[in-house]
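Source file: entry22.pdb. Holds: PDB, C-alpha atoms.
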ATOM      1  CA  MET A   8     -43.256 -19.231 -23.465  1.00  0.00           C
ATOM      2  CA  HIS A   9     -43.342 -22.125 -21.061  1.00  0.00           C
ATOM      3  CA  THR A  10     -39.724 -21.478 -20.050  1.00  0.00           C
ATOM      4  CA  ARG A  11     -40.433 -17.832 -19.214  1.00  0.00           C
ATOM      5  CA  THR A  12     -43.387 -18.758 -16.986  1.00  0.00           C
ATOM      6  CA  THR A  13     -41.287 -21.291 -15.059  1.00  0.00           C
ATOM      7  CA  ALA A  14     -38.425 -18.815 -14.621  1.00  0.00           C
ATOM      8  CA  ALA A  15     -40.772 -16.096 -13.376  1.00  0.00           C
ATOM      9  CA  ALA A  16     -42.480 -18.349 -10.815  1.00  0.00           C
ATOM     10  CA  PRO A  17     -39.473 -18.614  -8.421  1.00  0.00           C
ATOM     11  CA  ALA A  18     -39.064 -14.822  -8.510  1.00  0.00           C
ATOM     12  CA  ALA A  19     -42.702 -14.392  -7.477  1.00  0.00           C
ATOM     13  CA  LEU A  20     -42.210 -16.859  -4.638  1.00  0.00           C
ATOM     14  CA  MET A  21     -39.105 -15.002  -3.478  1.00  0.00           C
ATOM     15  CA  LEU A  22     -41.032 -11.725  -3.334  1.00  0.00           C
ATOM     16  CA  THR A  23     -43.815 -13.194  -1.232  1.00  0.00           C
ATOM     17  CA  ALA A  24     -41.337 -14.843   1.121  1.00  0.00           C
ATOM     18  CA  TRP A  25     -39.830 -11.465   1.981  1.00  0.00           C
ATOM     19  CA  GLU A  26     -43.131  -9.736   2.682  1.00  0.00           C
ATOM     20  CA  GLY A  27     -43.443  -8.475   6.220  1.00  0.00           C
ATOM     21  CA  THR A  28     -39.712  -8.246   6.843  1.00  0.00           C
ATOM     22  CA  ASP A  29     -38.047  -5.312   8.491  1.00  0.00           C
ATOM     23  CA  THR A  30     -35.554  -3.866   6.007  1.00  0.00           C
ATOM     24  CA  ALA A  31     -33.252  -2.608   8.777  1.00  0.00           C
ATOM     25  CA  SER A  32     -32.487  -6.064  10.135  1.00  0.00           C
ATOM     26  CA  SER A  33     -33.670  -8.329   7.265  1.00  0.00           C
ATOM     27  CA  LYS A  34     -35.575 -10.417   9.842  1.00  0.00           C
ATOM     28  CA  PRO A  35     -39.325 -10.765   9.874  1.00  0.00           C
ATOM     29  CA  SER A  36     -40.649  -8.104  12.226  1.00  0.00           C
ATOM     30  CA  SER A  37     -42.514 -10.710  14.268  1.00  0.00           C
ATOM     31  CA  VAL A  38     -39.224 -12.531  15.038  1.00  0.00           C
ATOM     32  CA  GLN A  39     -37.301  -9.568  16.498  1.00  0.00           C
ATOM     33  CA  SER A  40     -36.656  -9.703  20.193  1.00  0.00           C
ATOM     34  CA  ALA A  41     -35.160  -7.541  22.919  1.00  0.00           C
ATOM     35  CA  ASN A  42     -31.807  -9.300  22.354  1.00  0.00           C
ATOM     36  CA  ASP A  43     -31.570  -7.758  18.866  1.00  0.00           C
ATOM     37  CA  GLN A  44     -31.319  -4.251  20.297  1.00  0.00           C
ATOM     38  CA  PRO A  45     -27.895  -2.652  20.863  1.00  0.00           C
ATOM     39  CA  PRO A  46     -26.817  -2.539  24.528  1.00  0.00           C
ATOM     40  CA  ALA A  47     -27.594   0.598  26.478  1.00  0.00           C
ATOM     41  CA  ALA A  48     -24.697   2.991  27.039  1.00  0.00           C
ATOM     42  CA  GLY A  49     -24.302   1.927  30.672  1.00  0.00           C
ATOM     43  CA  ASN A  50     -24.422  -1.787  29.785  1.00  0.00           C
ATOM     44  CA  ALA A  51     -21.851  -1.732  26.959  1.00  0.00           C
ATOM     45  CA  PRO A  52     -18.992  -4.193  27.410  1.00  0.00           C
ATOM     46  CA  ALA A  53     -15.628  -2.671  28.275  1.00  0.00           C
ATOM     47  CA  THR A  54     -13.392  -2.534  25.201  1.00  0.00           C
ATOM     48  CA  ASP A  55     -10.206  -1.437  26.955  1.00  0.00           C
ATOM     49  CA  ASP A  56      -9.835  -4.760  28.794  1.00  0.00           C
ATOM     50  CA  LYS A  57      -7.281  -6.860  26.934  1.00  0.00           C
ATOM     51  CA  LYS A  58      -7.505 -10.597  27.288  1.00  0.00           C
ATOM     52  CA  THR A  59      -4.234 -12.201  28.329  1.00  0.00           C
ATOM     53  CA  ALA A  60      -3.023 -15.787  28.220  1.00  0.00           C
ATOM     54  CA  THR A  61       0.107 -17.754  28.963  1.00  0.00           C
ATOM     55  CA  LEU A  62       2.329 -18.290  25.923  1.00  0.00           C
ATOM     56  CA  PRO A  63       4.118 -21.658  26.317  1.00  0.00           C
ATOM     57  CA  ASP A  64       7.816 -22.259  25.629  1.00  0.00           C
ATOM     58  CA  MET A  65       7.977 -23.505  22.021  1.00  0.00           C
ATOM     59  CA  ILE A  66      11.759 -23.816  21.626  1.00  0.00           C
ATOM     60  CA  GLY A  67      12.763 -27.192  20.205  1.00  0.00           C
ATOM     61  CA  LYS A  68       9.281 -28.048  18.948  1.00  0.00           C
ATOM     62  CA  GLY A  69       8.287 -28.533  15.356  1.00  0.00           C
ATOM     63  CA  LEU A  70       6.913 -25.347  13.789  1.00  0.00           C
ATOM     64  CA  GLN A  71       3.479 -26.839  13.067  1.00  0.00           C
ATOM     65  CA  SER A  72       3.181 -28.135  16.623  1.00  0.00           C
ATOM     66  CA  ALA A  73       4.282 -24.751  18.038  1.00  0.00           C
ATOM     67  CA  GLN A  74       1.714 -22.912  15.929  1.00  0.00           C
ATOM     68  CA  ASP A  75      -1.045 -25.303  16.995  1.00  0.00           C
ATOM     69  CA  GLN A  76      -0.123 -24.944  20.663  1.00  0.00           C
ATOM     70  CA  ALA A  77       0.028 -21.127  20.433  1.00  0.00           C
ATOM     71  CA  GLN A  78      -3.420 -21.041  18.833  1.00  0.00           C
ATOM     72  CA  ALA A  79      -4.784 -23.384  21.494  1.00  0.00           C
ATOM     73  CA  ALA A  80      -3.500 -20.902  24.105  1.00  0.00           C
ATOM     74  CA  GLY A  81      -5.371 -18.069  22.320  1.00  0.00           C
ATOM     75  CA  PHE A  82      -2.628 -16.477  20.196  1.00  0.00           C
ATOM     76  CA  TYR A  83      -3.600 -16.136  16.535  1.00  0.00           C
ATOM     77  CA  SER A  84      -1.192 -13.516  15.181  1.00  0.00           C
ATOM     78  CA  LEU A  85       1.631 -15.904  14.310  1.00  0.00           C
ATOM     79  CA  THR A  86       4.623 -15.530  12.014  1.00  0.00           C
ATOM     80  CA  SER A  87       7.945 -17.268  11.487  1.00  0.00           C
ATOM     81  CA  HIS A  88      11.273 -16.586   9.808  1.00  0.00           C
ATOM     82  CA  ASP A  89      14.508 -18.343   8.882  1.00  0.00           C
ATOM     83  CA  ALA A  90      16.834 -18.049  11.903  1.00  0.00           C
ATOM     84  CA  LEU A  91      19.888 -18.542   9.680  1.00  0.00           C
ATOM     85  CA  GLY A  92      19.117 -15.333   7.759  1.00  0.00           C
ATOM     86  CA  ARG A  93      18.754 -17.080   4.411  1.00  0.00           C
ATOM     87  CA  GLY A  94      15.267 -15.714   3.771  1.00  0.00           C
ATOM     88  CA  ARG A  95      13.726 -19.145   3.212  1.00  0.00           C
ATOM     89  CA  MET A  96       9.967 -19.352   3.615  1.00  0.00           C
ATOM     90  CA  GLN A  97       8.468 -21.944   5.924  1.00  0.00           C
ATOM     91  CA  ALA A  98       5.986 -23.232   3.347  1.00  0.00           C
ATOM     92  CA  PHE A  99       5.886 -26.735   4.836  1.00  0.00           C
ATOM     93  CA  ASP A 100       5.598 -26.175   8.584  1.00  0.00           C
ATOM     94  CA  HIS A 101       6.392 -29.798   9.428  1.00  0.00           C
ATOM     95  CA  ASN A 102       9.950 -29.459   7.979  1.00  0.00           C
ATOM     96  CA  TRP A 103      11.005 -26.721  10.435  1.00  0.00           C
ATOM     97  CA  LYS A 104      11.779 -26.517  14.150  1.00  0.00           C
ATOM     98  CA  VAL A 105      11.645 -23.520  16.503  1.00  0.00           C
ATOM     99  CA  CYS A 106      14.986 -22.113  17.752  1.00  0.00           C
ATOM    100  CA  SER A 107      13.623 -19.062  19.574  1.00  0.00           C
ATOM    101  CA  GLN A 108      10.405 -17.130  19.966  1.00  0.00           C
ATOM    102  CA  THR A 109       9.380 -13.528  20.432  1.00  0.00           C
ATOM    103  CA  PRO A 110       7.920 -12.729  22.898  1.00  0.00           C
ATOM    104  CA  THR A 111       9.395 -15.014  25.521  1.00  0.00           C
ATOM    105  CA  PRO A 112       7.158 -17.564  27.245  1.00  0.00           C
ATOM    106  CA  GLY A 113       4.818 -16.134  29.857  1.00  0.00           C
ATOM    107  CA  GLU A 114       1.702 -13.983  30.268  1.00  0.00           C
ATOM    108  CA  HIS A 115       0.940 -11.746  27.253  1.00  0.00           C
ATOM    109  CA  PRO A 116      -2.111 -10.092  25.632  1.00  0.00           C
ATOM    110  CA  THR A 117      -3.645 -12.557  23.174  1.00  0.00           C
ATOM    111  CA  ASP A 118      -3.401 -10.013  20.343  1.00  0.00           C
ATOM    112  CA  THR A 119       0.422 -10.061  20.646  1.00  0.00           C
ATOM    113  CA  LYS A 120       2.248 -11.026  17.435  1.00  0.00           C
ATOM    114  CA  VAL A 121       4.238 -14.214  18.059  1.00  0.00           C
ATOM    115  CA  ASP A 122       7.331 -14.723  15.876  1.00  0.00           C
ATOM    116  CA  PHE A 123       9.140 -18.061  15.678  1.00  0.00           C
ATOM    117  CA  ALA A 124      12.801 -18.176  14.547  1.00  0.00           C
ATOM    118  CA  THR A 125      13.154 -21.501  12.739  1.00  0.00           C
ATOM    119  CA  VAL A 126      15.617 -23.794  10.967  1.00  0.00           C
ATOM    120  CA  LYS A 127      15.129 -26.945   8.910  1.00  0.00           C
ATOM    121  CA  LEU A 128      14.826 -30.111  11.030  1.00  0.00           C
ATOM    122  CA  GLU A 129      18.259 -31.381   9.991  1.00  0.00           C
ATOM    123  CA  GLU A 130      19.985 -28.045  10.773  1.00  0.00           C
ATOM    124  CA  THR A 131      21.415 -26.800  14.074  1.00  0.00           C
ATOM    125  CA  CYS A 132      19.988 -23.679  15.661  1.00  0.00           C
ATOM    126  CA  PRO A 133      22.385 -20.715  15.496  1.00  0.00           C
ATOM    127  CA  ALA A 134      23.750 -19.115  18.666  1.00  0.00           C
ATOM    128  CA  THR A 135      22.086 -15.830  17.667  1.00  0.00           C
ATOM    129  CA  ASP A 136      19.068 -15.255  15.467  1.00  0.00           C
ATOM    130  CA  GLU A 137      20.544 -13.999  12.202  1.00  0.00           C
ATOM    131  CA  GLY A 138      17.224 -13.612  10.426  1.00  0.00           C
ATOM    132  CA  ALA A 139      15.217 -11.413  12.808  1.00  0.00           C
ATOM    133  CA  ALA A 140      16.849  -8.041  12.190  1.00  0.00           C
ATOM    134  CA  PRO A 141      17.441  -6.685   8.701  1.00  0.00           C
ATOM    135  CA  GLN A 142      21.122  -6.549   7.877  1.00  0.00           C
ATOM    136  CA  THR A 143      22.506  -3.094   7.100  1.00  0.00           C
ATOM    137  CA  VAL A 144      24.817  -3.229   4.119  1.00  0.00           C
ATOM    138  CA  GLY A 145      25.936   0.370   4.003  1.00  0.00           C
ATOM    139  CA  SER A 146      24.795   3.936   3.818  1.00  0.00           C
ATOM    140  CA  THR A 147      22.339   5.251   1.261  1.00  0.00           C
ATOM    141  CA  PRO A 148      23.209   4.429  -2.337  1.00  0.00           C
ATOM    142  CA  PRO A 149      24.862   7.143  -4.445  1.00  0.00           C
ATOM    143  CA  ASP A 150      22.697   9.235  -6.765  1.00  0.00           C
ATOM    144  CA  PHE A 151      23.775   8.630 -10.351  1.00  0.00           C
ATOM    145  CA  THR A 152      21.037  10.754 -11.935  1.00  0.00           C
ATOM    146  CA  SER A 153      22.368  12.473 -15.087  1.00  0.00           C
ATOM    147  CA  LYS A 154      25.762  10.775 -14.699  1.00  0.00           C
ATOM    148  CA  SER A 155      27.495   8.780 -17.390  1.00  0.00           C
ATOM    149  CA  VAL A 156      27.978   5.047 -17.115  1.00  0.00           C
ATOM    150  CA  LYS A 157      31.726   5.585 -16.746  1.00  0.00           C
ATOM    151  CA  VAL A 158      31.246   7.855 -13.697  1.00  0.00           C
ATOM    152  CA  ALA A 159      28.878   5.357 -12.126  1.00  0.00           C
ATOM    153  CA  ARG A 160      31.340   2.493 -12.686  1.00  0.00           C
ATOM    154  CA  GLN A 161      34.197   4.507 -11.203  1.00  0.00           C
ATOM    155  CA  ALA A 162      32.174   5.380  -8.118  1.00  0.00           C
ATOM    156  CA  LEU A 163      31.160   1.770  -7.615  1.00  0.00           C
ATOM    157  CA  ASP A 164      34.700   0.546  -8.267  1.00  0.00           C
ATOM    158  CA  SER A 165      36.100   2.817  -5.590  1.00  0.00           C
ATOM    159  CA  SER A 166      33.575   1.582  -2.999  1.00  0.00           C
ATOM    160  CA  THR A 167      34.253  -2.077  -3.711  1.00  0.00           C
ATOM    161  CA  SER A 168      37.375  -4.071  -4.457  1.00  0.00           C
ATOM    162  CA  ILE A 169      36.078  -5.231  -7.837  1.00  0.00           C
ATOM    163  CA  THR A 170      37.723  -3.685 -10.897  1.00  0.00           C
ATOM    164  CA  VAL A 171      35.508  -3.179 -13.926  1.00  0.00           C
ATOM    165  CA  ALA A 172      37.046  -2.519 -17.306  1.00  0.00           C
ATOM    166  CA  PRO A 173      35.664   0.605 -19.056  1.00  0.00           C
TER     167      PRO A 173
END
Full structure transcribed into structure tokens:
Amino acid sequence: MHTRTTAAAPAALMLTAWEGTDTASSKPSSVQSANDQPPAAGNAPATDDKKTATLPDMIGKGLQSAQDQAQAAGFYSLTSHDALGRGRMQAFDHNWKVCSQTPTPGEHPTDTKVDFATVKLEETCPATDEGAAPQTVGSTPPDFTSKSVKVARQALDSSTSITVAP
């Protein structure tokens, strides 16, 4: 019995603490002020104004340093990729350096996505970014629905130089 009385006491205190509150704002009604009201239609801030900032040149910097500097300039939508096209993830930012960046340095809206093309510190930057654009291997794959395995192998054998024994 004693345990139930102790457990019920905090609940009773919680109920009395919330008395007199306005359920719409969860603030005590005596604490509300004119600042809590939504702005009048004529005083609403303009939402079509985009904030811009200068994106610095990050080429040659370490990836972590480049990300920190971009965020300090006001850019928070940041991504990076392997400039050599190997699909490696930049899990440890301090092991990578920036070879190129999109967009180029200059004035941009702060909600612009900034993409850094990177290589490992000990690697040389490629002349062209091989990892930015997806590589197209060929046309659409053939439809082998309701075909035998032999037909599928023959079709694949004719499109490649590999010979597969039936």
Query raised in the report: So how many Å separate atom CA of A:Thr86 and atom CA of A:Ala60, to one decimal?
Result: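 These atoms are spaced 17.9 Å apart.
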Requested in this report: Kindly indicate which residue among A:Ala80, A:Val126, A:Leu70, A:Met65 lies nearest to A:Glu114, using all atoms listed in the file for the distances.
Outcome: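 Of the candidates, the smallest distance to A:Glu114 is held by A:Ala80.
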Query - Counting only C-alpha atoms, the option among A:Leu91, A:Pro110, A:Ala98, A:Thr61 closest to A:Ala79 - result: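 Closest residue, counting only C-alpha atoms: A:Thr61.
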Report task. Using the chain letters and residue numbers of this document, give as an NGL selection string the residues selected by the PyMOL selection byres ((chain A and resi 64) around 8). Result -> :A and (62-63 or 65-66 or 111-112)
Query raised in the report: Using all atoms listed in the file, which residue out of A:Thr117, A:Thr131, A:Phe82, A:Ala90 lies closest to A:Lys58?
Result: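 Closest residue, counting all atoms listed in the file: A:Thr117.
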Query raised in the report: Need the neighbours of (22.9, -24.6, 14.9): which residues are at most 12 Å away, counting all atoms listed in the file, as a list in words?
Result: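 Residues with an atom at most 12 Å from (22.9, -24.6, 14.9): Gly67, Ala90, Leu91, Lys104, Val105, Cys106, Ser107, Ala124, Thr125, Val126, Lys127, Leu128, Glu129, Glu130, Thr131, Cys132, Pro133, Ala134, Thr135, Asp136 and Glu137 of chain A.
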Report task. State, in Å with one decimal place, the distance from atom CA of A:Gly113 to atom CA of A:Ala77. Result ->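 Atom-to-atom, atom CA of A:Gly113 to atom CA of A:Ala77, that is 11.7 Å.
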Query raised in the report: So what do you get for atom CA of A:Gly138 versus atom CA of A:His115, distance-wise?
Result: 23.5 Å
Could you give me the centre and size, in Å to one decimal, of an axis-aligned box around all listed atoms of stretch 95-99 of chain A with 4 Å added on every side, as JSON?
{"center_x": 9.8, "center_y": -22.9, "center_z": 4.6, "size_x": 15.8, "size_y": 15.6, "size_z": 10.7}
Report task. Select all residues near (4.7, -25.2, 15.8) (cut-off 9 Å, inclusive, file coordinates), counting only C-alpha atoms, and output them as a list in words. Result ->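 Checked against the point, the hits come out as Met65, Lys68, Gly69, Leu70, Gln71, Ser72, Ala73, Gln74, Asp75, Gln76, Ala77, Asp100, His101, Trp103, Lys104, Val105 and Phe123 of chain A.
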Query - Distance criterion (all atoms listed in the file): nearest to A:Gly81 out of A:Asn102, A:Thr59, A:Thr152, A:Gln108 - result: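 With all atoms listed in the file as the atom set, the closest residue is A:Thr59.
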